[in-house]
>>> print(open('run-v2.cif').read())   # mmCIF, C-alpha atoms
data_query
loop_
_atom_site.group_PDB
_atom_site.id
_atom_site.type_symbol
_atom_site.label_atom_id
_atom_site.label_comp_id
_atom_site.auth_asym_id
_atom_site.auth_seq_id
_atom_site.Cartn_x
_atom_site.Cartn_y
_atom_site.Cartn_z
ATOM 1 C CA MET A 1 70.324 -110.582 28.204
ATOM 2 C CA PHE A 2 66.847 -109.971 29.569
ATOM 3 C CA VAL A 3 63.858 -109.537 27.265
ATOM 4 C CA VAL A 4 60.405 -108.236 28.152
ATOM 5 C CA ILE A 5 57.571 -108.974 25.750
ATOM 6 C CA PHE A 6 54.334 -106.995 26.064
ATOM 7 C CA GLY A 7 51.632 -108.985 24.301
ATOM 8 C CA ARG A 8 48.067 -110.203 24.460
ATOM 9 C CA LEU A 9 46.118 -113.435 24.195
ATOM 10 C CA GLY A 10 45.297 -114.468 20.635
ATOM 11 C CA CYS A 11 48.134 -112.513 19.027
ATOM 12 C CA PRO A 12 50.091 -114.755 16.623
ATOM 13 C CA PHE A 13 53.174 -112.527 16.646
ATOM 14 C CA CYS A 14 53.149 -112.572 20.458
ATOM 15 C CA VAL A 15 53.159 -116.376 20.333
ATOM 16 C CA ARG A 16 56.074 -116.307 17.887
ATOM 17 C CA ALA A 17 58.013 -113.924 20.153
ATOM 18 C CA LYS A 18 57.439 -116.237 23.139
ATOM 19 C CA ASP A 19 58.445 -119.302 21.104
ATOM 20 C CA LEU A 20 61.657 -117.635 19.948
ATOM 21 C CA SER A 21 62.409 -116.549 23.514
ATOM 22 C CA ASP A 22 61.818 -120.094 24.785
ATOM 23 C CA LYS A 23 64.272 -121.384 22.179
ATOM 24 C CA LEU A 24 66.878 -118.790 23.131
ATOM 25 C CA LYS A 25 66.430 -119.508 26.830
ATOM 26 C CA ALA A 26 67.098 -123.201 26.166
ATOM 27 C CA GLU A 27 70.203 -122.462 24.079
ATOM 28 C CA LEU A 28 71.807 -119.584 25.986
ATOM 29 C CA ASP A 29 72.922 -119.503 29.593
ATOM 30 C CA ASP A 30 72.629 -115.727 29.874
ATOM 31 C CA PHE A 31 69.182 -115.289 28.284
ATOM 32 C CA ASN A 32 65.931 -114.864 30.161
ATOM 33 C CA TYR A 33 62.616 -113.214 29.415
ATOM 34 C CA ARG A 34 59.320 -112.131 30.882
ATOM 35 C CA TYR A 35 56.050 -112.174 29.009
ATOM 36 C CA VAL A 36 53.567 -109.504 30.091
ATOM 37 C CA ASP A 37 49.961 -110.169 29.086
ATOM 38 C CA ILE A 38 48.801 -106.564 28.774
ATOM 39 C CA HIS A 39 45.152 -107.400 29.471
ATOM 40 C CA ALA A 40 45.813 -109.639 32.485
ATOM 41 C CA GLU A 41 48.230 -107.117 34.008
ATOM 42 C CA GLY A 42 46.182 -103.997 33.235
ATOM 43 C CA VAL A 43 48.675 -102.401 30.842
ATOM 44 C CA ASN A 44 46.993 -100.230 28.227
ATOM 45 C CA LYS A 45 48.119 -98.615 24.988
ATOM 46 C CA ALA A 46 48.759 -95.265 26.683
ATOM 47 C CA ASP A 47 51.042 -96.962 29.239
ATOM 48 C CA LEU A 48 53.061 -98.573 26.455
ATOM 49 C CA GLU A 49 53.252 -95.313 24.506
ATOM 50 C CA LYS A 50 54.553 -93.512 27.588
ATOM 51 C CA THR A 51 57.196 -96.196 28.179
ATOM 52 C CA ILE A 52 58.277 -96.371 24.528
ATOM 53 C CA GLY A 53 58.014 -92.667 23.817
ATOM 54 C CA LYS A 54 56.041 -92.986 20.598
ATOM 55 C CA PRO A 55 52.634 -94.210 19.398
ATOM 56 C CA VAL A 56 51.963 -97.938 19.658
ATOM 57 C CA ASP A 57 49.846 -99.571 16.988
ATOM 58 C CA SER A 58 50.344 -103.246 17.752
ATOM 59 C CA VAL A 59 51.743 -105.909 20.012
ATOM 60 C CA PRO A 60 54.049 -107.450 20.788
ATOM 61 C CA GLN A 61 56.268 -104.621 21.940
ATOM 62 C CA ILE A 62 59.649 -106.026 22.893
ATOM 63 C CA PHE A 63 62.470 -104.677 25.031
ATOM 64 C CA VAL A 64 65.997 -106.087 25.245
ATOM 65 C CA ASP A 65 67.858 -105.023 28.379
ATOM 66 C CA GLN A 66 65.350 -102.149 28.773
ATOM 67 C CA ASN A 67 65.913 -100.896 25.196
ATOM 68 C CA HIS A 68 62.843 -100.885 22.955
ATOM 69 C CA ILE A 69 63.429 -103.132 19.940
ATOM 70 C CA GLY A 70 59.966 -103.039 18.360
ATOM 71 C CA GLY A 71 57.671 -105.860 17.323
ATOM 72 C CA PHE A 72 58.333 -109.500 16.544
ATOM 73 C CA THR A 73 59.944 -108.880 13.154
ATOM 74 C CA ASP A 74 62.327 -106.338 14.711
ATOM 75 C CA PHE A 75 63.143 -108.789 17.506
ATOM 76 C CA GLU A 76 63.809 -111.574 15.008
ATOM 77 C CA VAL A 77 66.232 -109.319 13.086
ATOM 78 C CA TYR A 78 67.909 -108.282 16.342
ATOM 79 C CA VAL A 79 68.422 -111.919 17.322
ATOM 80 C CA LYS A 80 69.821 -112.848 13.909
ATOM 81 C CA GLU A 81 72.227 -109.912 13.905
ATOM 82 C CA ASN A 82 73.358 -110.077 17.547
ATOM 83 C CA LEU A 83 73.080 -113.665 18.724
ATOM 84 C CA TYR A 84 73.972 -115.598 15.558
ATOM 85 C CA LEU A 85 71.920 -118.592 16.681
ATOM 86 C CA TYR A 86 68.556 -118.214 15.073
ATOM 87 C CA GLU A 87 67.723 -118.751 11.435
#
>>> encode(input="run-v2.cif", output="structure tokens")
Amino acid sequence: MFVVIFGRLGCPFCVRAKDLSDKLKAELDDFNYRYVDIHAEGVNKADLEKTIGKPVDSVPQIFVDQNHIGGFTDFEVYVKENLYLYE
């Protein structure tokens, strides 16, 4: 499983998404992720909206194996339902 997290500096939910991904990476052999700091890498809201296909109001925006999952809360639910490791 490969996760991409689009986030920004100072975003508490972005930090939580990274922390959860670090935990999963340590526990699972087939898990990896990339964190994309949208400001450092020049990604803007319009770019994210084009990629996702709908308006973007917040970060993080998280993809699992190129499928848009949503924000941190959506990612947390996805992990609980599909990986059975995180509580």
>>> atom_distance(input="run-v2.cif", atom1="CA of Phe31 (chain A)", atom2="CA of Val77 (chain A)")
16.6 Å
>>> resolve_selection(input="run-v2.cif", expression="the PyMOL selection byres ((chain A and resi 1) around 7)", output="PyMOL selection string")
chain A and resi 2-3+30-32+64-65
>>> closest_residue(input="run-v2.cif", among="A:Leu83, A:His68, A:Lys54, A:Gln61", to="Cys14 (chain A)", atoms="all atoms listed in the file")
A:Gln61
>>> closest_residue(input="run-v2.cif", among="A:Leu9, A:Ile52, A:Val79, A:Ala26", to="Ile38 (chain A)", atoms="all atoms listed in the file")
A:Leu9
>>> residues_around(input="run-v2.cif", residues="Val43 (chain A)", least_positions_apart="4", cutoff="12 Å", atoms="only C-alpha atoms", output="ChimeraX atom specification")
/A:6-8,36-39,47-51,59,61
>>> closest_residue(input="run-v2.cif", among="A:Phe63, A:Asp57, A:Leu24, A:Asp19", to="Ile5 (chain A)", atoms="all atoms listed in the file")
A:Phe63
>>> atom_distance(input="run-v2.cif", atom1="CA of Cys11 (chain A)", atom2="CA of Pro60 (chain A)")
8.0 Å
>>> atom_distance(input="run-v2.cif", atom1="CA of Phe75 (chain A)", atom2="CA of Leu20 (chain A)")
9.3 Å
>>> decode(input="run-v2.cif", residues="region 7-18 of chain A", atoms="all heavy atoms", output="tab-separated table (two decimals), in the first residue's frame")
chain	number	residue	atom	x	y	z
A	7	GLY	N	-0.26	18.03	2.43
A	7	GLY	CA	-0.49	18.81	3.64
A	7	GLY	C	0.32	20.08	3.63
A	7	GLY	O	0.94	20.44	2.63
A	8	ARG	N	0.30	20.76	4.77
A	8	ARG	CA	1.05	22.01	4.90
A	8	ARG	C	1.58	22.15	6.32
A	8	ARG	O	1.05	21.55	7.26
A	8	ARG	CB	0.19	23.22	4.53
A	8	ARG	CG	-0.98	23.41	5.47
A	8	ARG	CD	-1.70	24.72	5.19
A	8	ARG	NE	-2.90	24.82	5.99
A	8	ARG	CZ	-2.93	25.07	7.30
A	8	ARG	NH1	-1.83	25.27	7.97
A	8	ARG	NH2	-4.08	25.14	7.95
A	9	LEU	N	2.61	22.95	6.46
A	9	LEU	CA	3.22	23.23	7.75
A	9	LEU	C	2.20	23.87	8.69
A	9	LEU	O	1.41	24.72	8.27
A	9	LEU	CB	4.41	24.18	7.54
A	9	LEU	CG	5.30	24.43	8.74
A	9	LEU	CD1	5.99	23.13	9.18
A	9	LEU	CD2	6.34	25.48	8.39
A	10	GLY	N	2.19	23.45	9.93
A	10	GLY	CA	1.30	24.04	10.92
A	10	GLY	C	-0.09	23.44	10.96
A	10	GLY	O	-0.93	23.89	11.74
A	11	CYS	N	-0.35	22.43	10.18
A	11	CYS	CA	-1.67	21.79	10.13
A	11	CYS	C	-1.69	20.60	11.08
A	11	CYS	O	-0.98	19.62	10.85
A	11	CYS	CB	-1.96	21.34	8.69
A	11	CYS	SG	-3.30	20.16	8.54
A	12	PRO	N	-2.47	20.66	12.16
A	12	PRO	CA	-2.47	19.56	13.13
A	12	PRO	C	-2.97	18.23	12.56
A	12	PRO	O	-2.47	17.16	12.94
A	12	PRO	CB	-3.37	20.05	14.26
A	12	PRO	CG	-4.17	21.17	13.68
A	12	PRO	CD	-3.36	21.75	12.56
A	13	PHE	N	-3.93	18.27	11.64
A	13	PHE	CA	-4.41	17.03	11.05
A	13	PHE	C	-3.38	16.43	10.09
A	13	PHE	O	-3.31	15.22	9.93
A	13	PHE	CB	-5.76	17.23	10.37
A	13	PHE	CG	-6.88	17.34	11.36
A	13	PHE	CD1	-7.39	18.58	11.71
A	13	PHE	CD2	-7.41	16.21	11.97
A	13	PHE	CE1	-8.42	18.68	12.64
A	13	PHE	CE2	-8.43	16.30	12.90
A	13	PHE	CZ	-8.93	17.54	13.25
A	14	CYS	N	-2.57	17.29	9.49
A	14	CYS	CA	-1.47	16.80	8.63
A	14	CYS	C	-0.44	16.07	9.49
A	14	CYS	O	0.06	15.01	9.10
A	14	CYS	CB	-0.82	17.96	7.88
A	14	CYS	SG	-1.95	18.87	6.80
A	15	VAL	N	-0.14	16.62	10.65
A	15	VAL	CA	0.79	15.98	11.58
A	15	VAL	C	0.24	14.63	12.02
A	15	VAL	O	0.97	13.63	12.06
A	15	VAL	CB	1.06	16.89	12.80
A	15	VAL	CG1	1.84	16.15	13.88
A	15	VAL	CG2	1.79	18.15	12.37
A	16	ARG	N	-1.04	14.58	12.32
A	16	ARG	CA	-1.65	13.31	12.74
A	16	ARG	C	-1.61	12.28	11.62
A	16	ARG	O	-1.37	11.10	11.87
A	16	ARG	CB	-3.08	13.55	13.21
A	16	ARG	CG	-3.13	14.33	14.52
A	16	ARG	CD	-4.52	14.69	14.95
A	16	ARG	NE	-5.26	13.49	15.34
A	16	ARG	CZ	-6.54	13.50	15.65
A	16	ARG	NH1	-7.23	14.62	15.62
A	16	ARG	NH2	-7.14	12.38	16.00
A	17	ALA	N	-1.83	12.71	10.38
A	17	ALA	CA	-1.77	11.79	9.24
A	17	ALA	C	-0.36	11.24	9.07
A	17	ALA	O	-0.17	10.05	8.81
A	17	ALA	CB	-2.23	12.50	7.97
A	18	LYS	N	0.65	12.11	9.22
A	18	LYS	CA	2.05	11.66	9.13
A	18	LYS	C	2.38	10.70	10.27
A	18	LYS	O	3.04	9.68	10.05
A	18	LYS	CB	3.00	12.86	9.17
A	18	LYS	CG	3.09	13.61	7.87
A	18	LYS	CD	3.94	14.86	7.96
A	18	LYS	CE	5.36	14.57	8.37
A	18	LYS	NZ	6.19	15.79	8.42
